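**Student:** Pasting in a structure now, in structure tokens, and then I'll have a few things to ask.
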Amino acid sequence: MAGAHEHEHVHAPAPAAPWPVEIRLKRSARVLEVTFDDGNHVRLGAEYLRVESPSAEVQGHGPGQKKVPAGKRNVAIVDVQPVGNYAVRLVFDDGHSTGIYGWGYLAELAREHDRRWESYLDALAAAGQTRG
């Protein structure tokens, strides 16, 4: 069976997302500090993390179904729970605890903070809602 393996392909692994080397909850500041293995150190506010939760409750179940949680200005993170070696579950004081934040998603939230925050504020205003 000469040539039986001619069509095998070797795929290079996808570039790995930055990996957090430290995650620290600053309760009094309502901030999650994340230091990535690429040296990037970010501070993500609890309100931002809550309104950008990857949960179906916030993101919906398909394109165009994202919710705009209002009144979250004073929300706090009460617990950070490891999920395997790939994510954390954030527990908020408003009872929300279904979002699992993978390392790639945390890096994306940091990278796209300004654009996502503006988009959130615009969506709140369009809905006649406030941060609370």
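Identifiers in this document derive from the order of the structure tokens: chains are assigned A, B, ..., residues are numbered from 1 separately in each chain, and ligands are numbered from 1 in order of occurrence.
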If we count only C-alpha atoms, what is near A:Tyr48 at a cut-off of 9 Å, once residues fewer than 6 positions away on the same chain are taken out, given as a list in words?
**Tutor:**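 Returned residues: Lys72, Arg73, Leu109, His113, Arg116, Trp117 and Tyr120 of chain A.
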**Student:** Could you dump the residues just selected with C-alpha atoms as a PDB file, in the first residue's frame?
**Tutor:**
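Below is the file again.pdb, written as the result:
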ATOM      1  CA  LYS A  72     -24.502  46.791  37.840  1.00  0.00           C
ATOM      2  CA  ARG A  73     -22.319  49.801  38.801  1.00  0.00           C
ATOM      3  CA  LEU A 109     -11.778  41.216  27.589  1.00  0.00           C
ATOM      4  CA  HIS A 113     -11.899  46.716  27.036  1.00  0.00           C
ATOM      5  CA  ARG A 116     -16.627  46.721  24.634  1.00  0.00           C
ATOM      6  CA  TRP A 117     -17.186  49.288  27.416  1.00  0.00           C
ATOM      7  CA  TYR A 120     -22.114  48.593  26.622  1.00  0.00           C
TER       8      TYR A 120
END
**Student:** Can you tell me, as a ChimeraX atom specification, what residues are no more than 7 Å from A:Arg24 when counting only C-alpha atoms, ignoring any on the same chain fewer than 5 positions away?
**Tutor:** /A:32-34
**Student:** Which residues, written as an MDAnalysis selection string, have at least one atom at most 10 Å from A:Glu57, with only C-alpha atoms counted and residues fewer than 3 positions away on the same chain left out?
**Tutor:** chainID A and resid 53:54 60:61 65:67 69 96 98:99
**Student:** Where does DSSP see strand (DSSP E) in stretch 17-126 of chain A, if you list the residues as a ChimeraX atom specification?
**Tutor:** /A:20-26,31-36,41-45,77-83,87-92,100-102
**Student:** In Å, how far is it from atom CA of A:Val75 to atom CA of A:Ala87?
**Tutor:**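 Answer for the atom CA of A:Val75 to atom CA of A:Ala87 separation: 20.9 Å.
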**Student:** Looking at only C-alpha atoms, which of A:Pro63, A:Gly102, A:Glu118, A:Ala46 is the one that sits closest to A:Pro82?
**Tutor:**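 Counting only C-alpha atoms, the residue closest to A:Pro82 is A:Gly102.
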**Student:** In terms of the shortest atom-to-atom distance over only C-alpha atoms, which of A:Glu52, A:Glu47, A:Asp94, A:Glu22 is closest to A:Glu108?
**Tutor:** A:Glu52
**Student:** What does the structure give for the distance between atom CA of A:Tyr86 and atom CA of A:Ser28, in Å to one decimal?
**Tutor:**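 Pair atom CA of A:Tyr86 / atom CA of A:Ser28 returns 26.3 Å.
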**Student:** Using only C-alpha atoms, find the one residue out of A:Val21, A:Leu90, A:Gly71, A:Gln59 that sits nearest to A:Gly132.
**Tutor:** A:Gly71
**Student:** Fewer than 2 positions away in the same chain doesn't count, so skip those; otherwise give me all residues within 10 Å of A:Gly39, counting only C-alpha atoms, as a PDB file with C-alpha atoms, in the first residue's frame.
**Tutor:**
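This went into result.pdb:
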ATOM      1  CA  PRO A  18      -1.930  34.171  27.006  1.00  0.00           C
ATOM      2  CA  TRP A  19      -1.958  32.099  30.184  1.00  0.00           C
ATOM      3  CA  PRO A  20      -2.560  33.769  33.549  1.00  0.00           C
ATOM      4  CA  VAL A  21       0.266  33.317  36.017  1.00  0.00           C
ATOM      5  CA  THR A  35      -0.997  38.835  35.150  1.00  0.00           C
ATOM      6  CA  PHE A  36      -0.421  36.840  31.959  1.00  0.00           C
ATOM      7  CA  ASP A  37       2.631  34.812  30.980  1.00  0.00           C
ATOM      8  CA  HIS A  41      -0.911  42.874  33.728  1.00  0.00           C
ATOM      9  CA  VAL A  42      -4.544  43.989  33.613  1.00  0.00           C
TER      10      VAL A  42
END
